[in-house]
>>> print(open('data.json').read())   # JSON, C-alpha atoms
[["chain", "number", "residue", "atom", "x", "y", "z"],
["O", 1, "MET", "CA", 0.00, 0.00, 0.00],
["O", 2, "ASP", "CA", 2.81, 2.43, 0.92],
["O", 3, "GLU", "CA", 4.48, 1.93, -2.46],
["O", 4, "PHE", "CA", 1.24, 2.78, -4.25],
["O", 5, "TYR", "CA", 0.94, 6.12, -2.45],
["O", 6, "ILE", "CA", 4.65, 6.88, -2.79],
["O", 7, "GLU", "CA", 4.26, 6.46, -6.53],
["O", 8, "LYS", "CA", 1.23, 8.76, -6.54],
["O", 9, "VAL", "CA", 3.02, 11.50, -4.60],
["O", 10, "LEU", "CA", 6.08, 11.24, -6.82],
["O", 11, "ASN", "CA", 3.83, 11.59, -9.86],
["O", 12, "GLY", "CA", 2.66, 14.97, -8.59],
["O", 13, "ASP", "CA", -0.39, 14.09, -6.50],
["O", 14, "HIS", "CA", 0.82, 15.75, -3.31],
["O", 15, "ARG", "CA", -2.58, 15.30, -1.63],
["O", 16, "SER", "CA", -1.91, 11.56, -1.47],
["O", 17, "PHE", "CA", 0.68, 12.32, 1.19],
["O", 18, "GLN", "CA", -2.28, 12.58, 3.58],
["O", 19, "TYR", "CA", -2.26, 8.76, 3.63],
["O", 20, "PHE", "CA", 1.17, 8.73, 5.28],
["O", 21, "ILE", "CA", 0.16, 11.36, 7.81],
["O", 22, "THR", "CA", -2.95, 9.41, 8.78],
["O", 23, "SER", "CA", -1.10, 6.09, 8.94],
["O", 24, "TYR", "CA", 2.08, 7.13, 10.72],
["O", 25, "LYS", "CA", 1.20, 10.23, 12.73],
["O", 26, "SER", "CA", 0.80, 8.41, 16.04],
["O", 27, "TYR", "CA", 3.93, 6.32, 15.51],
["O", 28, "VAL", "CA", 6.05, 9.33, 14.58],
["O", 29, "PHE", "CA", 4.64, 11.39, 17.44],
["O", 30, "SER", "CA", 5.23, 8.67, 20.05],
["O", 31, "LEU", "CA", 8.88, 8.28, 18.98],
["O", 32, "SER", "CA", 9.34, 12.01, 19.10],
["O", 33, "PHE", "CA", 7.62, 12.28, 22.48],
["O", 34, "SER", "CA", 9.73, 9.52, 24.00],
["O", 35, "VAL", "CA", 12.83, 11.58, 23.21],
["O", 36, "LEU", "CA", 11.52, 15.07, 23.99],
["O", 37, "LYS", "CA", 8.86, 14.40, 26.65],
["O", 38, "ASP", "CA", 7.05, 17.58, 25.71],
["O", 39, "LYS", "CA", 3.87, 17.49, 23.65],
["O", 40, "TYR", "CA", 4.48, 20.73, 21.77],
["O", 41, "LEU", "CA", 8.11, 20.06, 20.95],
["O", 42, "ALA", "CA", 7.14, 16.54, 19.88],
["O", 43, "GLU", "CA", 4.45, 17.95, 17.58],
["O", 44, "ASP", "CA", 6.96, 20.38, 16.04],
["O", 45, "VAL", "CA", 9.38, 17.56, 15.36],
["O", 46, "THR", "CA", 6.58, 15.36, 13.98],
["O", 47, "GLN", "CA", 5.70, 18.13, 11.55],
["O", 48, "GLU", "CA", 9.33, 18.65, 10.50],
["O", 49, "ALA", "CA", 9.84, 14.91, 10.03],
["O", 50, "PHE", "CA", 6.85, 14.64, 7.67],
["O", 51, "ILE", "CA", 7.97, 17.70, 5.69],
["O", 52, "LYS", "CA", 11.46, 16.26, 5.39],
["O", 53, "ALA", "CA", 10.02, 12.91, 4.30],
["O", 54, "TYR", "CA", 7.90, 14.65, 1.66],
["O", 55, "LYS", "CA", 10.84, 16.65, 0.33],
["O", 56, "SER", "CA", 13.17, 13.67, 0.15],
["O", 57, "LEU", "CA", 10.63, 11.05, -0.91],
["O", 58, "ARG", "CA", 12.46, 10.68, -4.22],
["O", 59, "SER", "CA", 15.52, 9.45, -2.34],
["O", 60, "PHE", "CA", 13.50, 6.68, -0.65],
["O", 61, "LYS", "CA", 14.78, 3.56, -2.39],
["O", 62, "GLY", "CA", 12.61, 1.01, -0.61],
["O", 63, "ASN", "CA", 15.56, -0.83, 0.97],
["O", 64, "SER", "CA", 13.69, -0.62, 4.26],
["O", 65, "SER", "CA", 10.00, -0.09, 4.95],
["O", 66, "PHE", "CA", 8.54, 3.42, 4.88],
["O", 67, "ARG", "CA", 7.88, 3.02, 8.62],
["O", 68, "THR", "CA", 11.58, 2.42, 9.34],
["O", 69, "TRP", "CA", 12.60, 5.22, 6.99],
["O", 70, "ILE", "CA", 10.38, 7.87, 8.58],
["O", 71, "GLY", "CA", 11.24, 6.47, 12.02],
["O", 72, "ARG", "CA", 14.89, 7.19, 11.30],
["O", 73, "ILE", "CA", 14.06, 10.72, 10.16],
["O", 74, "VAL", "CA", 12.05, 11.53, 13.26],
["O", 75, "ILE", "CA", 14.62, 10.03, 15.64],
["O", 76, "ASN", "CA", 17.40, 12.13, 14.11],
["O", 77, "GLU", "CA", 15.25, 15.26, 14.23],
["O", 78, "ALA", "CA", 14.14, 14.63, 17.81],
["O", 79, "LEU", "CA", 17.65, 13.90, 19.10],
["O", 80, "ARG", "CA", 18.93, 17.05, 17.37],
["O", 81, "LYS", "CA", 16.16, 19.08, 18.95],
["O", 82, "ALA", "CA", 16.83, 17.55, 22.38],
["O", 83, "LYS", "CA", 20.50, 18.44, 22.06],
["O", 84, "LYS", "CA", 19.58, 21.98, 21.07],
["O", 85, "GLU", "CA", 17.16, 22.38, 23.95],
["O", 86, "ARG", "CA", 19.75, 20.93, 26.40],
["O", 87, "ARG", "CA", 17.02, 20.21, 28.91],
["O", 88, "TYR", "CA", 18.27, 16.84, 30.00],
["O", 89, "ASP", "CA", 21.36, 16.57, 32.14],
["O", 90, "ALA", "CA", 22.41, 13.05, 32.94],
["O", 91, "GLU", "CA", 22.77, 12.39, 36.64],
["O", 92, "GLU", "CA", 25.50, 10.20, 38.07],
["O", 93, "ILE", "CA", 23.88, 6.99, 39.29],
["O", 94, "PRO", "CA", 25.44, 4.98, 42.11],
["O", 95, "PRO", "CA", 26.09, 1.29, 41.28],
["O", 96, "GLU", "CA", 23.33, -0.19, 43.39],
["O", 97, "ASP", "CA", 20.33, -2.34, 42.64],
["O", 98, "PHE", "CA", 17.05, -0.76, 43.67],
["O", 99, "SER", "CA", 14.72, -2.33, 41.13],
["O", 100, "SER", "CA", 12.55, -4.58, 43.30],
["O", 101, "ASN", "CA", 12.56, -2.13, 46.19],
["O", 102, "SER", "CA", 11.16, 0.82, 44.20],
["O", 103, "ALA", "CA", 8.81, -1.37, 42.16],
["O", 104, "ASP", "CA", 7.26, -2.65, 45.38],
["O", 105, "LYS", "CA", 6.83, 0.85, 46.73],
["O", 106, "ILE", "CA", 5.06, 2.12, 43.66],
["O", 107, "SER", "CA", 2.67, -0.83, 43.58],
["O", 108, "ASN", "CA", 1.27, 0.35, 46.92],
["O", 109, "LEU", "CA", 0.05, 3.56, 45.31],
["O", 110, "GLU", "CA", -3.25, 4.25, 43.54],
["O", 111, "LYS", "CA", -3.28, 3.74, 39.76],
["O", 112, "ASP", "CA", -3.52, 7.48, 39.04],
["O", 113, "GLU", "CA", -0.64, 8.23, 41.37],
["O", 114, "GLN", "CA", 1.40, 5.47, 39.79],
["O", 115, "ARG", "CA", 0.80, 6.99, 36.36],
["O", 116, "TYR", "CA", 1.77, 10.41, 37.65],
["O", 117, "TYR", "CA", 5.05, 9.25, 39.17],
["O", 118, "ILE", "CA", 6.05, 7.04, 36.27],
["O", 119, "SER", "CA", 5.46, 9.93, 33.83],
["O", 120, "LEU", "CA", 7.55, 12.25, 36.01],
["O", 121, "VAL", "CA", 10.32, 9.68, 36.26],
["O", 122, "PHE", "CA", 10.29, 9.11, 32.50],
["O", 123, "GLU", "CA", 10.75, 12.85, 31.94],
["O", 124, "LYS", "CA", 14.06, 12.71, 33.80],
["O", 125, "ILE", "CA", 15.61, 9.99, 31.66],
["O", 126, "PRO", "CA", 18.11, 11.25, 29.03],
["O", 127, "PRO", "CA", 16.69, 11.22, 25.45],
["O", 128, "GLU", "CA", 18.65, 8.29, 23.99],
["O", 129, "GLN", "CA", 17.99, 6.09, 27.02],
["O", 130, "SER", "CA", 14.27, 6.84, 27.05],
["O", 131, "LEU", "CA", 14.07, 6.18, 23.32],
["O", 132, "ALA", "CA", 15.80, 2.81, 23.78],
["O", 133, "LEU", "CA", 13.37, 1.90, 26.57],
["O", 134, "GLU", "CA", 10.35, 2.97, 24.52],
["O", 135, "LEU", "CA", 11.45, 0.93, 21.49],
["O", 136, "PHE", "CA", 12.44, -2.19, 23.42],
["O", 137, "TYR", "CA", 9.76, -2.41, 26.10],
["O", 138, "LEU", "CA", 6.75, -0.60, 24.71],
["O", 139, "LYS", "CA", 7.11, -1.02, 20.95],
["O", 140, "GLU", "CA", 8.49, -4.51, 21.62],
["O", 141, "MET", "CA", 11.30, -4.24, 19.10],
["O", 142, "SER", "CA", 14.27, -6.58, 19.20],
["O", 143, "VAL", "CA", 17.80, -5.20, 19.62],
["O", 144, "ALA", "CA", 18.42, -5.91, 15.92],
["O", 145, "GLU", "CA", 15.33, -3.90, 14.94],
["O", 146, "ILE", "CA", 16.42, -1.01, 17.16],
["O", 147, "ILE", "CA", 19.85, -1.06, 15.54],
["O", 148, "ALA", "CA", 18.27, -0.97, 12.07],
["O", 149, "LEU", "CA", 16.11, 1.98, 13.08],
["O", 150, "THR", "CA", 18.63, 4.07, 14.96],
["O", 151, "ASP", "CA", 22.01, 3.12, 13.44],
["O", 152, "TRP", "CA", 23.37, 2.57, 16.95],
["O", 153, "SER", "CA", 25.88, -0.20, 17.51],
["O", 154, "SER", "CA", 24.80, -3.35, 19.31],
["O", 155, "SER", "CA", 26.87, -2.51, 22.40],
["O", 156, "LYS", "CA", 25.52, 1.05, 22.51],
["O", 157, "THR", "CA", 21.93, -0.21, 22.31],
["O", 158, "LYS", "CA", 22.47, -2.71, 25.11],
["O", 159, "MET", "CA", 24.28, -0.11, 27.21],
["O", 160, "LEU", "CA", 21.44, 2.42, 26.71],
["O", 161, "LEU", "CA", 18.85, -0.16, 27.74],
["O", 162, "GLN", "CA", 20.80, -1.10, 30.84],
["O", 163, "ARG", "CA", 21.49, 2.51, 31.84],
["O", 164, "GLY", "CA", 17.91, 3.50, 31.01],
["O", 165, "ARG", "CA", 16.55, 0.92, 33.43],
["O", 166, "LYS", "CA", 18.99, 1.97, 36.10],
["O", 167, "THR", "CA", 18.18, 5.67, 35.64],
["O", 168, "PHE", "CA", 14.48, 4.86, 35.73],
["O", 169, "TYR", "CA", 14.68, 2.97, 39.02],
["O", 170, "TYR", "CA", 17.10, 5.47, 40.52],
["O", 171, "ASN", "CA", 14.79, 8.40, 39.75],
["O", 172, "LEU", "CA", 11.77, 6.45, 40.91],
["O", 173, "LYS", "CA", 13.46, 5.68, 44.21],
["O", 174, "SER", "CA", 14.56, 9.29, 44.80],
["O", 175, "MET", "CA", 11.12, 10.57, 43.88],
["O", 176, "LEU", "CA", 9.29, 8.19, 46.21],
["O", 177, "LYS", "CA", 11.76, 8.95, 48.97],
["O", 178, "SER", "CA", 11.21, 12.71, 48.69],
["O", 179, "GLU", "CA", 7.45, 12.11, 48.56],
["O", 180, "VAL", "CA", 7.54, 10.14, 51.83],
["O", 181, "ARG", "CA", 9.65, 12.90, 53.37],
["O", 182, "GLU", "CA", 7.05, 15.49, 52.32],
["O", 183, "ILE", "CA", 4.18, 13.49, 53.84],
["O", 184, "LEU", "CA", 6.07, 13.05, 57.15],
["Z", 185, "MET", "CA", 5.53, -16.40, 36.29],
["Z", 186, "LYS", "CA", 6.35, -12.82, 35.35],
["Z", 187, "SER", "CA", 9.93, -12.01, 34.42],
["Z", 188, "ASP", "CA", 11.87, -8.87, 35.32],
["Z", 189, "LYS", "CA", 11.32, -7.66, 31.79],
["Z", 190, "ASP", "CA", 7.53, -8.04, 32.10],
["Z", 191, "ASP", "CA", 7.55, -6.18, 35.41],
["Z", 192, "PHE", "CA", 9.54, -3.34, 33.96],
["Z", 193, "LYS", "CA", 7.40, -3.24, 30.83],
["Z", 194, "GLU", "CA", 4.28, -3.00, 32.97],
["Z", 195, "LEU", "CA", 5.78, -0.22, 35.05],
["Z", 196, "LEU", "CA", 6.99, 1.73, 32.03],
["Z", 197, "GLY", "CA", 3.64, 1.23, 30.32],
["Z", 198, "LEU", "CA", 2.05, 3.37, 33.04],
["Z", 199, "LYS", "CA", 3.63, 6.53, 31.69],
["Z", 200, "GLU", "CA", 1.22, 8.88, 30.04],
["Z", 201, "THR", "CA", 1.77, 9.57, 26.35],
["Z", 202, "PRO", "CA", -0.46, 12.36, 25.04],
["Z", 203, "GLU", "CA", -2.18, 12.12, 21.67],
["Z", 204, "PRO", "CA", -1.04, 14.48, 18.93],
["Z", 205, "SER", "CA", -3.56, 17.26, 18.28],
["Z", 206, "HIS", "CA", -6.00, 17.02, 15.36],
["Z", 207, "GLU", "CA", -4.72, 20.27, 13.88],
["Z", 208, "LEU", "CA", -1.37, 18.63, 13.24],
["Z", 209, "ASP", "CA", -2.79, 16.85, 10.16],
["Z", 210, "TRP", "CA", -3.86, 19.99, 8.37],
["Z", 211, "GLN", "CA", -0.83, 21.95, 9.53],
["Z", 212, "ILE", "CA", 1.42, 19.40, 7.83],
["Z", 213, "MET", "CA", -0.81, 19.19, 4.73],
["Z", 214, "ASN", "CA", -0.92, 22.98, 4.55],
["Z", 215, "ARG", "CA", 2.85, 23.18, 4.49],
["Z", 216, "ILE", "CA", 3.04, 20.42, 1.90],
["Z", 217, "GLU", "CA", 0.48, 22.27, -0.21],
["Z", 218, "ASN", "CA", 2.66, 25.40, -0.01],
["Z", 219, "ILE", "CA", 5.78, 23.49, -0.97],
["Z", 220, "ALA", "CA", 4.03, 21.76, -3.88],
["Z", 221, "ASN", "CA", 2.62, 25.04, -5.23],
["Z", 222, "ALA", "CA", 5.69, 27.16, -4.60],
["Z", 223, "GLY", "CA", 7.91, 28.44, -7.40],
["Z", 224, "PRO", "CA", 11.60, 27.69, -7.66],
["Z", 225, "SER", "CA", 13.42, 27.42, -4.36],
["Z", 226, "ASN", "CA", 16.22, 29.75, -3.22],
["Z", 227, "ARG", "CA", 18.73, 27.13, -4.21],
["Z", 228, "HIS", "CA", 17.35, 26.92, -7.74],
["Z", 229, "LEU", "CA", 17.43, 30.70, -8.05],
["Z", 230, "LEU", "CA", 21.06, 30.68, -6.98],
["Z", 231, "TYR", "CA", 21.96, 28.10, -9.63],
["Z", 232, "LEU", "CA", 20.07, 30.18, -12.18],
["Z", 233, "SER", "CA", 21.98, 33.32, -11.27],
["Z", 234, "TRP", "CA", 25.27, 31.43, -11.61],
["Z", 235, "ALA", "CA", 24.24, 30.24, -15.05],
["Z", 236, "PHE", "CA", 23.34, 33.79, -16.14],
["Z", 237, "PHE", "CA", 26.60, 35.09, -14.77],
["Z", 238, "ALA", "CA", 28.70, 32.53, -16.67],
["Z", 239, "PHE", "CA", 26.70, 33.14, -19.84],
["Z", 240, "GLY", "CA", 27.16, 36.94, -19.55],
["Z", 241, "LEU", "CA", 30.88, 36.53, -18.97],
["Z", 242, "LEU", "CA", 31.33, 34.41, -22.09],
["Z", 243, "ILE", "CA", 29.28, 36.78, -24.25],
["Z", 244, "GLY", "CA", 31.20, 39.80, -22.88],
["Z", 245, "ILE", "CA", 34.56, 38.26, -23.69],
["Z", 246, "ALA", "CA", 33.37, 37.14, -27.14],
["Z", 247, "ILE", "CA", 32.08, 40.64, -27.99],
["Z", 248, "SER", "CA", 35.24, 42.31, -26.77],
["Z", 249, "ILE", "CA", 37.47, 39.99, -28.81],
["Z", 250, "PHE", "CA", 35.56, 39.80, -32.07],
["Z", 251, "TRP", "CA", 33.30, 42.81, -32.50],
["Z", 252, "ILE", "CA", 34.98, 45.89, -31.04],
["Z", 253, "PRO", "CA", 37.10, 47.77, -33.59],
["Z", 254, "ALA", "CA", 40.78, 47.66, -32.79],
["Z", 255, "GLU", "CA", 41.27, 51.38, -33.47],
["Z", 256, "ILE", "CA", 39.29, 52.46, -30.37],
["Z", 257, "ASN", "CA", 41.66, 54.04, -27.87],
["Z", 258, "ILE", "CA", 40.51, 55.51, -24.59],
["Z", 259, "MET", "CA", 43.28, 56.85, -22.39],
["Z", 260, "GLY", "CA", 45.72, 54.36, -23.83],
["Z", 261, "LEU", "CA", 43.36, 51.40, -23.38],
["Z", 262, "THR", "CA", 42.60, 49.66, -26.65],
["Z", 263, "ALA", "CA", 40.20, 46.83, -27.53],
["Z", 264, "ARG", "CA", 43.04, 44.42, -26.82],
["Z", 265, "HIS", "CA", 42.76, 45.32, -23.11],
["Z", 266, "LEU", "CA", 39.00, 44.82, -22.98],
["Z", 267, "PRO", "CA", 38.97, 41.08, -22.11],
["Z", 268, "MET", "CA", 41.30, 41.82, -19.21],
["Z", 269, "ILE", "CA", 39.08, 44.67, -17.99],
["Z", 270, "ILE", "CA", 35.95, 42.54, -18.25],
["Z", 271, "LEU", "CA", 37.65, 39.66, -16.47],
["Z", 272, "THR", "CA", 38.76, 41.93, -13.63],
["Z", 273, "ILE", "CA", 35.25, 43.34, -13.18],
["Z", 274, "CYS", "CA", 33.70, 39.87, -13.39],
["Z", 275, "THR", "CA", 36.15, 38.45, -10.86],
["Z", 276, "GLY", "CA", 35.18, 41.22, -8.47],
["Z", 277, "LEU", "CA", 31.51, 40.49, -9.08],
["Z", 278, "LEU", "CA", 32.17, 36.78, -8.69],
["Z", 279, "LEU", "CA", 33.73, 37.37, -5.26],
["Z", 280, "LEU", "CA", 30.75, 39.49, -4.22],
["Z", 281, "LEU", "CA", 28.34, 36.84, -5.52],
["Z", 282, "PHE", "CA", 30.26, 34.10, -3.74],
["Z", 283, "ASP", "CA", 30.08, 36.03, -0.49],
["Z", 284, "ASN", "CA", 26.36, 36.49, -1.03],
["Z", 285, "ILE", "CA", 25.80, 32.80, -1.84],
["Z", 286, "TYR", "CA", 27.87, 31.71, 1.14],
["Z", 287, "GLY", "CA", 25.84, 34.00, 3.39],
["Z", 288, "THR", "CA", 22.55, 32.74, 1.95],
["Z", 289, "LEU", "CA", 23.52, 29.10, 2.30],
["Z", 290, "LYS", "CA", 24.67, 29.69, 5.86],
["Z", 291, "ALA", "CA", 21.38, 31.38, 6.67],
["Z", 292, "MET", "CA", 19.43, 28.54, 5.02],
["Z", 293, "ARG", "CA", 21.35, 25.92, 6.98],
["Z", 294, "HIS", "CA", 20.78, 27.85, 10.19],
["Z", 295, "LYS", "CA", 17.07, 28.09, 9.41],
["Z", 296, "HIS", "CA", 16.80, 24.31, 8.97]]
>>> encode(input="data.json", output="structure tokens")
Amino acid sequence: MDEFYIEKVLNGDHRSFQYFITSYKSYVFSLSFSVLKDKYLAEDVTQEAFIKAYKSLRSFKGNSSFRTWIGRIVINEALRKAKKERRYDAEEIPPEDFSSNSADKISNLEKDEQRYYISLVFEKIPPEQSLALELFYLKEMSVAEIIALTDWSSSKTKMLLQRGRKTFYYNLKSMLKSEVREIL
Amino acid sequence: MKSDKDDFKELLGLKETPEPSHELDWQIMNRIENIANAGPSNRHLLYLSWAFFAFGLLIGIAISIFWIPAEINIMGLTARHLPMIILTICTGLLLLLFDNIYGTLKAMRHKH
């Protein structure tokens, strides 16, 4: 189906590009949001990614799927934007395992509170780590698929996943700790 | 039995991801419409001006060599000196144009 619409757009029917926007808007936006964690910035990047895809559609050779191709565009755009915004400073994380501890604590909270804290924690994770987590755990991609999409090396992907998890639990623990302190 | 991965996935899945706004569709289509209906881009205009410049230079040199009578003499400068004069002026213009193009390209890159 994608090839059919690509052909149409390349033959001058620019309105057919609407098909790609309808089909991939949510996917592109969610990738962008997982890097930028800000709805408006993510929308800006989504828009730029589609415009870039439209302008360079002729260079799309079909070696990968359109989904992978536009995914690559949006990831590059989002990481560039994140770098420009410089909103995410990586924190030094002590080498300690707090996974089960913090997971237990959060399970005692109400669902809405859980959502609130997890979203806050996710905001604090550096862009590349949060993207790796989103792709691996939520989009259920394999490491090989992530490598194909992002052009990262295998060791970098694994390192980002490992660090991402650690950062997540570390931030979750610190957040819950400060919350308990506030209540007391 | 749930693995560590499942636990983490469940936890991570709790994060809230907003939906993109409905206006995004038409904003993108609007921009695409503008691009599709726009005239030549800045880059194309630059290439065009280069082409005109090169064409003008060639014609100028050709005219000065073949069509200007040799007996013309203005303050000691004869038709024989004309190609040199034209080349000097054109080189100056070329440098100005280059500076302009470099500035434009830099601005375009900055914009994107």
>>> closest_atom_pairs(input="data.json", of="chain O", to="chain Z", cutoff="6 Å", atoms="all atoms listed in the file", output="JSON lines")
{"residue": "O:Gln47", "atom": "CA", "partner": "Z:Ile212", "partner_atom": "CA", "distance": 5.8}
{"residue": "O:Arg115", "atom": "CA", "partner": "Z:Leu198", "partner_atom": "CA", "distance": 5.1}
{"residue": "O:Ile118", "atom": "CA", "partner": "Z:Lys199", "partner_atom": "CA", "distance": 5.2}
{"residue": "O:Ser119", "atom": "CA", "partner": "Z:Lys199", "partner_atom": "CA", "distance": 4.4}
{"residue": "O:Tyr137", "atom": "CA", "partner": "Z:Lys193", "partner_atom": "CA", "distance": 5.4}
>>> atom_distance(input="data.json", atom1="CA of Arg165 (chain O)", atom2="CA of Ala148 (chain O)")
21.5 Å
>>> atom_distance(input="data.json", atom1="CA of Ser30 (chain O)", atom2="CA of Leu133 (chain O)")
12.4 Å
>>> atom_distance(input="data.json", atom1="CA of Ile21 (chain O)", atom2="CA of Val74 (chain O)")
13.1 Å
>>> residues_around(input="data.json", residues="Pro127 (chain O)", least_positions_apart="5", cutoff="8 Å", atoms="all atoms listed in the file", output="PyMOL selection string")
chain O and resi 34-36+79+82+88
>>> write_last_selection(input="data.json", atoms="C-alpha atoms", output="PDB file, in the coordinates of the input")
ATOM      1  CA  SER O  34       9.730   9.520  24.000  1.00  0.00           C
ATOM      2  CA  VAL O  35      12.830  11.580  23.210  1.00  0.00           C
ATOM      3  CA  LEU O  36      11.520  15.070  23.990  1.00  0.00           C
ATOM      4  CA  LEU O  79      17.650  13.900  19.100  1.00  0.00           C
ATOM      5  CA  ALA O  82      16.830  17.550  22.380  1.00  0.00           C
ATOM      6  CA  TYR O  88      18.270  16.840  30.000  1.00  0.00           C
TER       7      TYR O  88
END
>>> build_atoms(input="data.json", residues="region 267-278 of chain Z", atoms="N, CA and C atoms", output="mmCIF file, in the coordinates of the input")
data_model
loop_
_atom_site.group_PDB
_atom_site.id
_atom_site.type_symbol
_atom_site.label_atom_id
_atom_site.label_comp_id
_atom_site.auth_asym_id
_atom_site.auth_seq_id
_atom_site.Cartn_x
_atom_site.Cartn_y
_atom_site.Cartn_z
ATOM 1 N N PRO Z 267 39.200 42.344 -22.827
ATOM 2 C CA PRO Z 267 38.970 41.080 -22.110
ATOM 3 C C PRO Z 267 39.512 41.113 -20.681
ATOM 4 N N MET Z 268 40.676 41.740 -20.523
ATOM 5 C CA MET Z 268 41.300 41.820 -19.210
ATOM 6 C C MET Z 268 40.428 42.659 -18.255
ATOM 7 N N ILE Z 269 39.928 43.784 -18.813
ATOM 8 C CA ILE Z 269 39.080 44.670 -17.990
ATOM 9 C C ILE Z 269 37.816 43.927 -17.571
ATOM 10 N N ILE Z 270 37.189 43.268 -18.557
ATOM 11 C CA ILE Z 270 35.950 42.540 -18.250
ATOM 12 C C ILE Z 270 36.210 41.444 -17.218
ATOM 13 N N LEU Z 271 37.320 40.736 -17.419
ATOM 14 C CA LEU Z 271 37.650 39.660 -16.470
ATOM 15 C C LEU Z 271 37.849 40.191 -15.056
ATOM 16 N N THR Z 272 38.516 41.352 -14.952
ATOM 17 C CA THR Z 272 38.760 41.930 -13.630
ATOM 18 C C THR Z 272 37.433 42.295 -12.956
ATOM 19 N N ILE Z 273 36.557 42.955 -13.738
ATOM 20 C CA ILE Z 273 35.250 43.340 -13.180
ATOM 21 C C ILE Z 273 34.473 42.093 -12.767
ATOM 22 N N CYS Z 274 34.475 41.089 -13.678
ATOM 23 C CA CYS Z 274 33.700 39.870 -13.390
ATOM 24 C C CYS Z 274 34.241 39.123 -12.178
ATOM 25 N N THR Z 275 35.581 39.138 -12.017
ATOM 26 C CA THR Z 275 36.150 38.450 -10.860
ATOM 27 C C THR Z 275 35.683 39.127 -9.569
ATOM 28 N N GLY Z 276 35.683 40.459 -9.620
ATOM 29 C CA GLY Z 276 35.180 41.220 -8.470
ATOM 30 C C GLY Z 276 33.742 40.869 -8.175
ATOM 31 N N LEU Z 277 32.940 40.830 -9.236
ATOM 32 C CA LEU Z 277 31.510 40.490 -9.080
ATOM 33 C C LEU Z 277 31.359 39.063 -8.546
ATOM 34 N N LEU Z 278 32.218 38.190 -9.088
ATOM 35 C CA LEU Z 278 32.170 36.780 -8.690
ATOM 36 C C LEU Z 278 32.425 36.649 -7.179
#
